[in-house]
$ cat work21.json   # JSON, C-alpha atoms
[["chain", "number", "residue", "atom", "x", "y", "z"],
["U", 1, "LYS", "CA", 139.48, 133.22, 88.95],
["U", 2, "SER", "CA", 137.03, 130.41, 89.74],
["U", 3, "LEU", "CA", 134.97, 132.66, 92.01],
["U", 4, "GLU", "CA", 134.84, 135.37, 89.36],
["U", 5, "GLU", "CA", 133.75, 132.79, 86.78],
["U", 6, "ALA", "CA", 130.94, 131.88, 89.19],
["U", 7, "GLY", "CA", 129.78, 135.50, 89.16],
["U", 8, "TYR", "CA", 131.31, 136.90, 92.36],
["U", 9, "ALA", "CA", 133.07, 140.20, 92.84],
["U", 10, "VAL", "CA", 136.34, 139.15, 94.47],
["U", 11, "ASP", "CA", 138.65, 141.21, 96.66],
["U", 12, "LEU", "CA", 141.92, 139.22, 96.63],
["U", 13, "GLN", "CA", 144.68, 140.37, 99.00],
["U", 14, "TYR", "CA", 148.14, 138.90, 99.63],
["U", 15, "ALA", "CA", 149.80, 139.70, 102.95],
["U", 16, "ASN", "CA", 153.36, 138.71, 101.95],
["U", 17, "ASP", "CA", 153.76, 136.47, 105.01],
["U", 18, "ASP", "CA", 153.12, 139.36, 107.42],
["U", 19, "VAL", "CA", 150.47, 138.69, 110.09],
["U", 20, "ALA", "CA", 149.75, 142.36, 110.88],
["U", 21, "THR", "CA", 149.14, 143.05, 107.19],
["U", 22, "GLN", "CA", 146.74, 140.13, 106.97],
["U", 23, "VAL", "CA", 144.80, 141.27, 110.04],
["U", 24, "SER", "CA", 144.49, 144.76, 108.54],
["U", 25, "GLN", "CA", 143.32, 143.37, 105.20],
["U", 26, "ILE", "CA", 140.64, 141.24, 106.87],
["U", 27, "GLU", "CA", 139.47, 144.22, 108.95],
["U", 28, "ASN", "CA", 139.06, 146.25, 105.76],
["U", 29, "MET", "CA", 137.19, 143.44, 104.01],
["U", 30, "ILE", "CA", 134.75, 143.12, 106.92],
["U", 31, "THR", "CA", 134.23, 146.90, 107.02],
["U", 32, "SER", "CA", 133.68, 147.06, 103.26],
["U", 33, "GLY", "CA", 130.69, 144.72, 103.58],
["U", 34, "CYS", "CA", 131.81, 141.44, 102.04],
["U", 35, "ASP", "CA", 129.44, 138.45, 102.02],
["U", 36, "ALA", "CA", 131.99, 135.72, 102.82],
["U", 37, "LEU", "CA", 135.64, 135.40, 103.79],
["U", 38, "VAL", "CA", 138.02, 132.74, 102.44],
["U", 39, "ILE", "CA", 141.27, 132.96, 104.41],
["U", 40, "ALA", "CA", 144.60, 131.20, 103.91],
["U", 41, "SER", "CA", 146.03, 132.22, 107.26],
["U", 42, "ILE", "CA", 149.70, 133.04, 107.73],
["U", 43, "ASP", "CA", 149.56, 132.15, 111.42],
["U", 44, "GLY", "CA", 146.57, 129.99, 112.28],
["U", 45, "GLY", "CA", 146.48, 131.30, 115.86],
["U", 46, "SER", "CA", 146.58, 135.05, 115.26],
["U", 47, "LEU", "CA", 143.20, 135.89, 113.74],
["U", 48, "GLY", "CA", 140.82, 135.38, 116.67],
["U", 49, "THR", "CA", 140.37, 139.07, 117.49],
["U", 50, "VAL", "CA", 139.72, 140.28, 113.95],
["U", 51, "LEU", "CA", 137.40, 137.35, 113.20],
["U", 52, "ALA", "CA", 135.27, 138.13, 116.28],
["U", 53, "GLU", "CA", 133.98, 141.06, 114.22],
["U", 54, "ALA", "CA", 133.12, 138.71, 111.35],
["U", 55, "LYS", "CA", 131.20, 136.56, 113.83],
["U", 56, "ASN", "CA", 129.31, 139.65, 115.08],
["U", 57, "LYS", "CA", 128.23, 140.36, 111.50],
["U", 58, "ASN", "CA", 127.30, 136.71, 110.83],
["U", 59, "LEU", "CA", 129.90, 136.54, 108.05],
["U", 60, "PRO", "CA", 130.75, 132.98, 106.98],
["U", 61, "VAL", "CA", 134.46, 132.20, 107.18],
["U", 62, "ILE", "CA", 136.15, 129.38, 105.25],
["U", 63, "ALA", "CA", 139.66, 128.47, 106.42],
["U", 64, "TYR", "CA", 141.63, 127.67, 103.27],
["U", 65, "ASP", "CA", 144.30, 124.95, 103.52],
["U", 66, "ARG", "CA", 145.49, 125.96, 107.01],
["U", 67, "LEU", "CA", 143.04, 125.70, 109.89],
["U", 68, "ILE", "CA", 142.42, 128.92, 111.82],
["U", 69, "MET", "CA", 142.73, 128.09, 115.51],
["U", 70, "GLY", "CA", 141.15, 129.36, 118.70],
["U", 71, "THR", "CA", 138.11, 131.15, 117.30],
["U", 72, "ASP", "CA", 134.46, 130.12, 116.95],
["U", 73, "ALA", "CA", 134.15, 132.38, 113.87],
["U", 74, "VAL", "CA", 135.36, 129.65, 111.48],
["U", 75, "SER", "CA", 132.40, 128.15, 109.61],
["U", 76, "TYR", "CA", 134.15, 125.57, 107.41],
["U", 77, "TYR", "CA", 137.59, 124.26, 106.52],
["U", 78, "ALA", "CA", 138.76, 123.26, 103.03],
["U", 79, "THR", "CA", 142.07, 121.46, 102.65],
["U", 80, "PHE", "CA", 143.74, 118.29, 101.48],
["U", 81, "ASP", "CA", 143.71, 115.26, 103.75],
["U", 82, "ASN", "CA", 146.75, 116.27, 105.79],
["U", 83, "TYR", "CA", 147.07, 113.02, 107.73],
["U", 84, "MET", "CA", 146.93, 111.13, 104.41],
["U", 85, "VAL", "CA", 149.73, 113.37, 103.07],
["U", 86, "GLY", "CA", 152.00, 112.09, 105.83],
["U", 87, "LYS", "CA", 150.92, 108.49, 105.36],
["U", 88, "ILE", "CA", 151.70, 108.63, 101.62],
["U", 89, "GLN", "CA", 155.14, 110.10, 102.38],
["U", 90, "GLY", "CA", 155.85, 107.44, 104.98],
["U", 91, "GLN", "CA", 154.65, 104.63, 102.72],
["U", 92, "TYR", "CA", 156.86, 105.94, 99.90],
["U", 93, "ILE", "CA", 159.88, 105.47, 102.19],
["U", 94, "VAL", "CA", 158.73, 101.98, 103.19],
["U", 95, "ASP", "CA", 158.17, 100.93, 99.58],
["U", 96, "THR", "CA", 161.35, 102.51, 98.17],
["U", 97, "LEU", "CA", 163.57, 100.85, 100.80],
["U", 98, "ASP", "CA", 161.49, 97.63, 100.60],
["U", 99, "LEU", "CA", 161.38, 97.60, 104.40],
["U", 100, "GLU", "CA", 159.06, 94.60, 104.43],
["U", 101, "ASN", "CA", 161.84, 92.44, 103.00],
["U", 102, "GLN", "CA", 165.13, 94.23, 103.75],
["U", 103, "ALA", "CA", 166.85, 93.79, 107.09],
["U", 104, "GLY", "CA", 168.41, 97.25, 107.26],
["U", 105, "PRO", "CA", 169.22, 99.12, 109.33],
["U", 106, "PHE", "CA", 168.73, 102.23, 107.20],
["U", 107, "ASN", "CA", 169.71, 105.61, 108.66],
["U", 108, "ILE", "CA", 167.01, 108.30, 108.67],
["U", 109, "GLU", "CA", 166.56, 111.88, 109.87],
["U", 110, "LEU", "CA", 163.22, 113.66, 110.30],
["U", 111, "PHE", "CA", 162.03, 117.17, 109.41],
["U", 112, "THR", "CA", 158.55, 118.59, 109.74],
["U", 113, "GLY", "CA", 156.99, 122.03, 109.57],
["U", 114, "SER", "CA", 156.23, 125.01, 111.72],
["U", 115, "PRO", "CA", 155.03, 124.49, 115.30],
["U", 116, "ASP", "CA", 152.35, 127.18, 114.77],
["U", 117, "ASP", "CA", 150.84, 125.33, 111.78],
["U", 118, "ASN", "CA", 148.21, 122.82, 112.83],
["U", 119, "ASN", "CA", 148.72, 120.97, 109.53],
["U", 120, "ALA", "CA", 152.33, 120.12, 110.42],
["U", 121, "ARG", "CA", 151.23, 117.84, 113.24],
["U", 122, "PHE", "CA", 148.89, 115.96, 110.90],
["U", 123, "PHE", "CA", 151.60, 115.53, 108.23],
["U", 124, "PHE", "CA", 154.12, 114.35, 110.80],
["U", 125, "GLY", "CA", 151.60, 112.16, 112.62],
["U", 126, "GLY", "CA", 150.56, 110.39, 109.43],
["U", 127, "ALA", "CA", 154.16, 109.72, 108.44],
["U", 128, "MET", "CA", 155.21, 108.52, 111.88],
["U", 129, "ASP", "CA", 152.25, 106.16, 112.15],
["U", 130, "VAL", "CA", 153.74, 104.42, 109.10],
["U", 131, "LEU", "CA", 157.42, 104.70, 110.08],
["U", 132, "ASN", "CA", 157.32, 104.10, 113.85],
["U", 133, "PRO", "CA", 157.04, 100.29, 113.64],
["U", 134, "TYR", "CA", 160.20, 100.18, 111.52],
["U", 135, "ILE", "CA", 162.00, 102.60, 113.86],
["U", 136, "ASP", "CA", 160.94, 100.56, 116.89],
["U", 137, "SER", "CA", 162.11, 97.32, 115.26],
["U", 138, "GLY", "CA", 165.48, 98.82, 114.33],
["U", 139, "LYS", "CA", 165.08, 98.66, 110.55],
["U", 140, "LEU", "CA", 165.11, 102.46, 110.51],
["U", 141, "ASN", "CA", 167.74, 104.10, 112.71],
["U", 142, "ILE", "CA", 167.52, 107.80, 113.67],
["U", 143, "VAL", "CA", 171.24, 108.45, 114.08],
["U", 144, "SER", "CA", 170.71, 111.83, 115.79],
["U", 145, "GLY", "CA", 168.00, 110.44, 118.07],
["U", 146, "GLN", "CA", 165.83, 113.47, 117.21],
["U", 147, "ARG", "CA", 162.34, 112.01, 116.92],
["U", 148, "SER", "CA", 159.72, 114.17, 118.65],
["U", 149, "PHE", "CA", 157.70, 116.81, 116.80],
["U", 150, "GLU", "CA", 159.32, 119.58, 118.84],
["U", 151, "GLU", "CA", 162.83, 118.35, 118.03],
["U", 152, "VAL", "CA", 162.25, 118.10, 114.28],
["U", 153, "ALA", "CA", 159.93, 121.08, 113.67],
["U", 154, "THR", "CA", 161.08, 123.84, 111.29],
["U", 155, "PRO", "CA", 160.07, 127.38, 112.36],
["U", 156, "GLY", "CA", 158.02, 129.07, 109.66],
["U", 157, "TRP", "CA", 158.66, 126.15, 107.29],
["U", 158, "LYS", "CA", 161.72, 128.21, 106.29],
["U", 159, "THR", "CA", 164.21, 126.73, 103.83],
["U", 160, "GLU", "CA", 167.14, 128.38, 105.61],
["U", 161, "GLU", "CA", 166.08, 126.89, 108.97],
["U", 162, "ALA", "CA", 165.92, 123.39, 107.47],
["U", 163, "GLN", "CA", 169.27, 123.94, 105.74],
["U", 164, "LYS", "CA", 170.92, 125.10, 108.97],
["U", 165, "ARG", "CA", 169.63, 122.10, 110.93],
["U", 166, "MET", "CA", 170.65, 119.65, 108.16],
["U", 167, "GLU", "CA", 174.13, 121.17, 108.10],
["U", 168, "ASN", "CA", 174.38, 120.65, 111.86],
["U", 169, "LEU", "CA", 173.21, 117.04, 111.54],
["U", 170, "ILE", "CA", 175.77, 116.31, 108.81],
["U", 171, "THR", "CA", 178.58, 117.82, 110.90],
["U", 172, "ALA", "CA", 177.58, 116.04, 114.11],
["U", 173, "TYR", "CA", 176.56, 112.60, 112.81],
["U", 174, "TYR", "CA", 177.59, 112.00, 109.19],
["U", 175, "ALA", "CA", 180.95, 113.73, 108.67],
["U", 176, "ASP", "CA", 182.71, 110.47, 109.59],
["U", 177, "GLY", "CA", 181.24, 108.72, 106.54],
["U", 178, "THR", "CA", 178.13, 107.30, 108.23],
["U", 179, "LYS", "CA", 175.62, 106.66, 105.43],
["U", 180, "LEU", "CA", 172.44, 108.72, 105.35],
["U", 181, "ASP", "CA", 169.73, 106.70, 103.60],
["U", 182, "VAL", "CA", 166.59, 108.78, 104.09],
["U", 183, "VAL", "CA", 165.48, 112.26, 105.13],
["U", 184, "TYR", "CA", 161.76, 112.50, 105.86],
["U", 185, "SER", "CA", 160.66, 116.06, 105.00],
["U", 186, "SER", "CA", 157.06, 117.18, 105.38],
["U", 187, "ASN", "CA", 157.22, 119.71, 102.55],
["U", 188, "ASP", "CA", 159.28, 121.17, 99.73],
["U", 189, "SER", "CA", 160.54, 124.32, 101.43],
["U", 190, "CYS", "CA", 162.19, 122.09, 104.04],
["U", 191, "ALA", "CA", 163.32, 119.59, 101.37],
["U", 192, "ILE", "CA", 165.06, 122.36, 99.39],
["U", 193, "GLY", "CA", 167.03, 123.40, 102.49],
["U", 194, "ILE", "CA", 167.94, 119.77, 103.17],
["U", 195, "THR", "CA", 169.05, 119.31, 99.56],
["U", 196, "ASN", "CA", 171.13, 122.51, 99.65],
["U", 197, "ALA", "CA", 172.94, 121.31, 102.78],
["U", 198, "LEU", "CA", 173.65, 117.89, 101.28],
["U", 199, "VAL", "CA", 174.92, 119.28, 97.97],
["U", 200, "ASN", "CA", 177.15, 121.76, 99.84],
["U", 201, "ALA", "CA", 178.52, 118.84, 101.89],
["U", 202, "GLY", "CA", 179.52, 117.02, 98.73],
["U", 203, "TYR", "CA", 176.64, 114.59, 98.25],
["U", 204, "THR", "CA", 175.84, 113.77, 94.62],
["U", 205, "LYS", "CA", 172.89, 112.03, 93.03],
["U", 206, "ASP", "CA", 174.92, 108.80, 93.23],
["U", 207, "ASN", "CA", 174.80, 108.77, 97.06],
["U", 208, "PHE", "CA", 171.83, 111.06, 97.67],
["U", 209, "PRO", "CA", 169.38, 109.92, 100.35],
["U", 210, "ILE", "CA", 165.67, 109.46, 99.71],
["U", 211, "ILE", "CA", 164.02, 112.84, 100.39],
["U", 212, "THR", "CA", 160.26, 113.36, 100.58],
["U", 213, "GLY", "CA", 158.39, 116.61, 100.03],
["U", 214, "GLN", "CA", 155.04, 118.25, 99.45],
["U", 215, "ASP", "CA", 153.59, 120.91, 97.11],
["U", 216, "CYS", "CA", 155.53, 120.13, 93.91],
["U", 217, "ASP", "CA", 157.20, 123.54, 94.03],
["U", 218, "ILE", "CA", 159.05, 124.28, 90.80],
["U", 219, "THR", "CA", 162.46, 124.09, 92.51],
["U", 220, "SER", "CA", 161.64, 120.74, 94.10],
["U", 221, "THR", "CA", 160.20, 119.36, 90.87],
["U", 222, "LYS", "CA", 163.44, 120.33, 89.13],
["U", 223, "ASN", "CA", 165.31, 118.55, 91.94],
["U", 224, "ILE", "CA", 163.19, 115.44, 91.35],
["U", 225, "ILE", "CA", 164.12, 115.52, 87.67],
["U", 226, "ALA", "CA", 167.82, 115.99, 88.63],
["U", 227, "GLY", "CA", 167.75, 113.09, 91.13],
["U", 228, "LEU", "CA", 168.13, 115.37, 94.18],
["U", 229, "GLN", "CA", 164.65, 114.79, 95.65],
["U", 230, "SER", "CA", 162.68, 111.57, 95.49],
["U", 231, "MET", "CA", 159.05, 112.65, 95.57],
["U", 232, "SER", "CA", 156.64, 115.43, 96.41],
["U", 233, "ILE", "CA", 152.97, 115.32, 97.33],
["U", 234, "PHE", "CA", 150.91, 116.99, 94.61],
["U", 235, "LYS", "CA", 148.00, 118.99, 95.99],
["U", 236, "ASP", "CA", 146.31, 120.34, 92.89],
["U", 237, "THR", "CA", 145.16, 123.80, 93.92],
["U", 238, "ARG", "CA", 142.61, 123.75, 91.10],
["U", 239, "THR", "CA", 140.82, 120.90, 92.90],
["U", 240, "LEU", "CA", 140.77, 122.82, 96.18],
["U", 241, "ALA", "CA", 139.64, 126.04, 94.49],
["U", 242, "LYS", "CA", 136.75, 124.27, 92.75],
["U", 243, "LYS", "CA", 135.57, 122.79, 96.06],
["U", 244, "VAL", "CA", 135.75, 126.17, 97.82],
["U", 245, "VAL", "CA", 133.60, 127.76, 95.11],
["U", 246, "GLU", "CA", 131.01, 124.99, 95.64],
["U", 247, "MET", "CA", 131.11, 125.71, 99.39],
["U", 248, "VAL", "CA", 130.69, 129.47, 98.88],
["U", 249, "ASN", "CA", 127.78, 128.87, 96.49],
["U", 250, "ALA", "CA", 126.07, 126.60, 99.01],
["U", 251, "ILE", "CA", 126.62, 128.97, 101.95],
["U", 252, "LEU", "CA", 125.35, 132.07, 100.16],
["U", 253, "SER", "CA", 122.34, 130.31, 98.66],
["U", 254, "GLY", "CA", 121.37, 128.66, 101.94],
["U", 255, "LYS", "CA", 121.95, 125.12, 100.69],
["U", 256, "GLU", "CA", 123.72, 122.24, 102.37],
["U", 257, "VAL", "CA", 127.47, 122.83, 102.30],
["U", 258, "PRO", "CA", 129.53, 119.94, 100.88],
["U", 259, "VAL", "CA", 131.78, 118.47, 103.59],
["U", 260, "ASN", "CA", 133.23, 114.98, 104.01],
["U", 261, "ASP", "CA", 134.76, 115.19, 107.49],
["U", 262, "THR", "CA", 133.02, 116.17, 110.71],
["U", 263, "SER", "CA", 135.34, 114.58, 113.28],
["U", 264, "THR", "CA", 139.01, 115.36, 112.62],
["U", 265, "TYR", "CA", 139.66, 119.10, 112.81],
["U", 266, "ASP", "CA", 139.10, 120.73, 116.21],
["U", 267, "ASN", "CA", 140.40, 124.31, 116.27],
["U", 268, "GLY", "CA", 140.11, 124.61, 120.04],
["U", 269, "THR", "CA", 136.50, 125.77, 120.00],
["U", 270, "GLY", "CA", 135.02, 122.58, 118.55],
["U", 271, "ILE", "CA", 135.04, 120.49, 115.40],
["U", 272, "ILE", "CA", 135.10, 122.50, 112.16],
["U", 273, "PRO", "CA", 133.13, 120.82, 109.32],
["U", 274, "SER", "CA", 135.68, 120.16, 106.59],
["U", 275, "TYR", "CA", 136.13, 119.08, 103.01],
["U", 276, "LEU", "CA", 139.31, 117.05, 102.52],
["U", 277, "CYS", "CA", 140.61, 116.71, 98.97],
["U", 278, "GLU", "CA", 142.71, 113.66, 98.11],
["U", 279, "PRO", "CA", 146.49, 114.10, 97.69],
["U", 280, "VAL", "CA", 148.71, 112.08, 95.32],
["U", 281, "PHE", "CA", 152.47, 112.00, 94.90],
["U", 282, "ALA", "CA", 154.73, 112.92, 92.00],
["U", 283, "ASP", "CA", 158.12, 111.33, 91.36],
["U", 284, "ILE", "CA", 160.43, 110.83, 88.41],
["U", 285, "ASN", "CA", 158.07, 108.22, 86.94],
["U", 286, "ASN", "CA", 154.85, 110.23, 86.81],
["U", 287, "TYR", "CA", 155.65, 113.95, 87.13],
["U", 288, "LYS", "CA", 155.08, 114.59, 83.41],
["U", 289, "GLN", "CA", 151.60, 113.10, 83.49],
["U", 290, "LEU", "CA", 150.60, 114.81, 86.75],
["U", 291, "LEU", "CA", 152.20, 118.22, 86.32],
["U", 292, "ILE", "CA", 152.77, 118.90, 82.61],
["U", 293, "ASP", "CA", 150.06, 116.93, 80.80],
["U", 294, "SER", "CA", 147.45, 118.33, 83.22],
["U", 295, "GLY", "CA", 148.53, 121.90, 82.44],
["U", 296, "TYR", "CA", 149.70, 122.69, 85.99],
["U", 297, "TYR", "CA", 153.19, 123.56, 84.72],
["U", 298, "THR", "CA", 154.66, 124.00, 81.25],
["U", 299, "GLU", "CA", 157.73, 122.02, 80.25],
["U", 300, "ASP", "CA", 159.67, 125.29, 80.01],
["U", 301, "GLN", "CA", 158.96, 126.06, 83.68],
["U", 302, "LEU", "CA", 160.70, 122.85, 84.71],
["U", 303, "LYS", "CA", 163.78, 123.22, 82.51]]
$ encode --input "work21.json" --output "structure tokens"
Amino acid sequence: KSLEEAGYAVDLQYANDDVATQVSQIENMITSGCDALVIASIDGGSLGTVLAEAKNKNLPVIAYDRLIMGTDAVSYYATFDNYMVGKIQGQYIVDTLDLENQAGPFNIELFTGSPDDNNARFFFGGAMDVLNPYIDSGKLNIVSGQRSFEEVATPGWKTEEAQKRMENLITAYYADGTKLDVVYSSNDSCAIGITNALVNAGYTKDNFPIITGQDCDITSTKNIIAGLQSMSIFKDTRTLAKKVVEMVNAILSGKEVPVNDTSTYDNGTGIIPSYLCEPVFADINNYKQLLIDSGYYTEDQLK
């Protein structure tokens, strides 16, 4: 919509989470003679071959939200500050438990996203940089002992994968009445699976652990209102879209492209110049202001 308002003819294709479909769509776009590609990749590591053709035709490529890996065809990257997302989530846990002043220990389990999504490592890394000192000091106790990225990753960010793992954790470590105080979750699709498992195991909002999230999905926002999720990072897609339009305008008019990070995101072929938008979090105290008053959702959508 924003690109069309800026005067562009836009070919918008959804691949329904199927990599082969996305590759085919991009091939067709390149063949049809587009001037620029903006790609939200399904699998950041699977587009190298098709994008080699874009490189041959000197087509600018903007990676949208998820970095496209292993190809020198990517011109720019537009996203939210993914490391900051994790830091905000981690700090929310620290502040809510008052870890500076409370002795603990508080029991925590960790969930992050898909191993094939470069963003997941930034989310998890930001959160763990905040939480690790409290884990190392014993104020936070990982009852399962599962702490490494590989141990806590969720294939495909799938809700059912997170739910299955949470069910296993409850059975193995919490069925004896051990209290679960916090579940760190990198995003909402994982948080929904975690919540489903806890509700099915008999947890209620009276003994529900702190659960973090990201994206302010409608289901998770409803869970926040119901007391079944504590917070979610709000990444206003309107902000990201506006920035991408500015980048496309600059690229196609030969002007300097707006970026604010030239050191963080290496896709395996070198640093990709990036624009990082600033994330904020929504919880029970501010979701109306952030999500309803701003027009992102209507009140009816969250009923």
$ residues_around --input "work21.json" --residues "U:Phe234" --least-positions-apart "5" --cutoff "8 Å" --atoms "all atoms listed in the file" --output "short mmCIF file (atom, residue, chain, number, x, y, z; two decimals) with C-alpha atoms, in the coordinates of the input"
data_model
loop_
_atom_site.label_atom_id
_atom_site.label_comp_id
_atom_site.auth_asym_id
_atom_site.auth_seq_id
_atom_site.Cartn_x
_atom_site.Cartn_y
_atom_site.Cartn_z
CA GLN U 214 155.04 118.25 99.45
CA ASP U 215 153.59 120.91 97.11
CA CYS U 216 155.53 120.13 93.91
CA PRO U 279 146.49 114.10 97.69
CA VAL U 280 148.71 112.08 95.32
CA PHE U 281 152.47 112.00 94.90
CA ALA U 282 154.73 112.92 92.00
#
$ closest_atom_pairs --input "work21.json" --of "stretch 25-95 of chain U" --to "stretch 125-135 of chain U" --cutoff "6 Å" --atoms "all atoms listed in the file" --output "CSV"
residue,atom,partner,partner_atom,distance
U:Tyr83,CA,U:Gly126,CA,4.7
U:Gly86,CA,U:Ala127,CA,4.1
U:Lys87,CA,U:Gly126,CA,4.5
U:Gly90,CA,U:Ala127,CA,4.5
$ write_last_selection --input "work21.json" --atoms "C-alpha atoms" --output "PDB file, in the frame of the given file"
ATOM      1  CA  TYR U  83     147.070 113.020 107.730  1.00  0.00           C
ATOM      2  CA  GLY U  86     152.000 112.090 105.830  1.00  0.00           C
ATOM      3  CA  LYS U  87     150.920 108.490 105.360  1.00  0.00           C
ATOM      4  CA  GLY U  90     155.850 107.440 104.980  1.00  0.00           C
TER       5      GLY U  90
END
$ residues_around --input "work21.json" --residues "U:Glu151" --least-positions-apart "6" --cutoff "10 Å" --atoms "all atoms listed in the file" --output "list in words"
Leu110, Phe111, Thr112 and Gly145 of chain U
$ atom_distance --input "work21.json" --atom1 "atom CA of U:Ser24" --atom2 "atom CA of U:Tyr265"
26.5 Å
$ closest_residue --input "work21.json" --among "U:Thr237, U:Ser232, U:Thr269, U:Gln289" --to "U:Asp217" --atoms "all atoms listed in the file"
U:Ser232
$ residues_near_point --input "work21.json" --point "(141.2, 127.0, 111.8)" --cutoff "8 Å" --atoms "only C-alpha atoms" --output "PyMOL selection string"
chain U and resi 44-45+63+66-71+74+77+266-267+272
$ atom_distance --input "work21.json" --atom1 "atom CA of U:Ala175" --atom2 "atom CA of U:Pro115"
28.8 Å
$ atom_distance --input "work21.json" --atom1 "atom CA of U:Asp116" --atom2 "atom CA of U:Pro155"
8.1 Å
$ residues_near_point --input "work21.json" --point "(126.5, 128.5, 100.5)" --cutoff "12 Å" --atoms "only C-alpha atoms" --output "JSON list (two decimals) with C-alpha atoms, in the frame of the given file"
[["chain", "number", "residue", "atom", "x", "y", "z"],
["U", 35, "ASP", "CA", 129.44, 138.45, 102.02],
["U", 36, "ALA", "CA", 131.99, 135.72, 102.82],
["U", 37, "LEU", "CA", 135.64, 135.40, 103.79],
["U", 59, "LEU", "CA", 129.90, 136.54, 108.05],
["U", 60, "PRO", "CA", 130.75, 132.98, 106.98],
["U", 61, "VAL", "CA", 134.46, 132.20, 107.18],
["U", 62, "ILE", "CA", 136.15, 129.38, 105.25],
["U", 75, "SER", "CA", 132.40, 128.15, 109.61],
["U", 76, "TYR", "CA", 134.15, 125.57, 107.41],
["U", 243, "LYS", "CA", 135.57, 122.79, 96.06],
["U", 244, "VAL", "CA", 135.75, 126.17, 97.82],
["U", 245, "VAL", "CA", 133.60, 127.76, 95.11],
["U", 246, "GLU", "CA", 131.01, 124.99, 95.64],
["U", 247, "MET", "CA", 131.11, 125.71, 99.39],
["U", 248, "VAL", "CA", 130.69, 129.47, 98.88],
["U", 249, "ASN", "CA", 127.78, 128.87, 96.49],
["U", 250, "ALA", "CA", 126.07, 126.60, 99.01],
["U", 251, "ILE", "CA", 126.62, 128.97, 101.95],
["U", 252, "LEU", "CA", 125.35, 132.07, 100.16],
["U", 253, "SER", "CA", 122.34, 130.31, 98.66],
["U", 254, "GLY", "CA", 121.37, 128.66, 101.94],
["U", 255, "LYS", "CA", 121.95, 125.12, 100.69],
["U", 256, "GLU", "CA", 123.72, 122.24, 102.37],
["U", 257, "VAL", "CA", 127.47, 122.83, 102.30],
["U", 258, "PRO", "CA", 129.53, 119.94, 100.88],
["U", 259, "VAL", "CA", 131.78, 118.47, 103.59]]
$ residues_around --input "work21.json" --residues "stretch 102-106 of chain U" --least-positions-apart "2" --cutoff "12 Å" --atoms "all atoms listed in the file" --output "JSON list (two decimals) with C-alpha atoms, in the coordinates of the input"
[["chain", "number", "residue", "atom", "x", "y", "z"],
["U", 93, "ILE", "CA", 159.88, 105.47, 102.19],
["U", 94, "VAL", "CA", 158.73, 101.98, 103.19],
["U", 95, "ASP", "CA", 158.17, 100.93, 99.58],
["U", 96, "THR", "CA", 161.35, 102.51, 98.17],
["U", 97, "LEU", "CA", 163.57, 100.85, 100.80],
["U", 98, "ASP", "CA", 161.49, 97.63, 100.60],
["U", 99, "LEU", "CA", 161.38, 97.60, 104.40],
["U", 100, "GLU", "CA", 159.06, 94.60, 104.43],
["U", 108, "ILE", "CA", 167.01, 108.30, 108.67],
["U", 109, "GLU", "CA", 166.56, 111.88, 109.87],
["U", 131, "LEU", "CA", 157.42, 104.70, 110.08],
["U", 134, "TYR", "CA", 160.20, 100.18, 111.52],
["U", 135, "ILE", "CA", 162.00, 102.60, 113.86],
["U", 136, "ASP", "CA", 160.94, 100.56, 116.89],
["U", 137, "SER", "CA", 162.11, 97.32, 115.26],
["U", 138, "GLY", "CA", 165.48, 98.82, 114.33],
["U", 139, "LYS", "CA", 165.08, 98.66, 110.55],
["U", 140, "LEU", "CA", 165.11, 102.46, 110.51],
["U", 141, "ASN", "CA", 167.74, 104.10, 112.71],
["U", 142, "ILE", "CA", 167.52, 107.80, 113.67],
["U", 143, "VAL", "CA", 171.24, 108.45, 114.08],
["U", 178, "THR", "CA", 178.13, 107.30, 108.23],
["U", 179, "LYS", "CA", 175.62, 106.66, 105.43],
["U", 180, "LEU", "CA", 172.44, 108.72, 105.35],
["U", 181, "ASP", "CA", 169.73, 106.70, 103.60],
["U", 182, "VAL", "CA", 166.59, 108.78, 104.09],
["U", 183, "VAL", "CA", 165.48, 112.26, 105.13],
["U", 209, "PRO", "CA", 169.38, 109.92, 100.35],
["U", 210, "ILE", "CA", 165.67, 109.46, 99.71]]
$ closest_residue --input "work21.json" --among "U:Ala172, U:Asn118, U:Glu4, U:Ala241" --to "U:Ala153" --atoms "only C-alpha atoms"
U:Asn118
$ closest_residue --input "work21.json" --among "U:Thr171, U:Thr221, U:Ser32, U:Gln229" --to "U:Leu290" --atoms "all atoms listed in the file"
U:Thr221
$ build_atoms --input "work21.json" --residues "stretch 153-157 of chain U" --atoms "N, CA, C and O atoms" --output "PDB file, keeping the file's coordinate frame"
ATOM      1  N   ALA U 153     160.732 120.022 114.295  1.00  0.00           N
ATOM      2  CA  ALA U 153     159.930 121.080 113.670  1.00  0.00           C
ATOM      3  C   ALA U 153     160.835 122.147 113.054  1.00  0.00           C
ATOM      4  O   ALA U 153     161.970 122.351 113.491  1.00  0.00           O
ATOM      5  N   THR U 154     160.331 122.811 112.018  1.00  0.00           N
ATOM      6  CA  THR U 154     161.080 123.840 111.290  1.00  0.00           C
ATOM      7  C   THR U 154     160.323 125.159 111.394  1.00  0.00           C
ATOM      8  O   THR U 154     159.263 125.313 110.767  1.00  0.00           O
ATOM      9  N   PRO U 155     160.808 126.122 112.180  1.00  0.00           N
ATOM     10  CA  PRO U 155     160.070 127.380 112.360  1.00  0.00           C
ATOM     11  C   PRO U 155     159.746 128.050 111.027  1.00  0.00           C
ATOM     12  O   PRO U 155     160.615 128.220 110.171  1.00  0.00           O
ATOM     13  N   GLY U 156     158.467 128.370 110.856  1.00  0.00           N
ATOM     14  CA  GLY U 156     158.020 129.070 109.660  1.00  0.00           C
ATOM     15  C   GLY U 156     158.153 128.290 108.367  1.00  0.00           C
ATOM     16  O   GLY U 156     158.025 128.855 107.283  1.00  0.00           O
ATOM     17  N   TRP U 157     158.416 126.984 108.475  1.00  0.00           N
ATOM     18  CA  TRP U 157     158.660 126.150 107.290  1.00  0.00           C
ATOM     19  C   TRP U 157     159.819 126.721 106.454  1.00  0.00           C
ATOM     20  O   TRP U 157     159.883 126.520 105.243  1.00  0.00           O
TER      21      TRP U 157
END
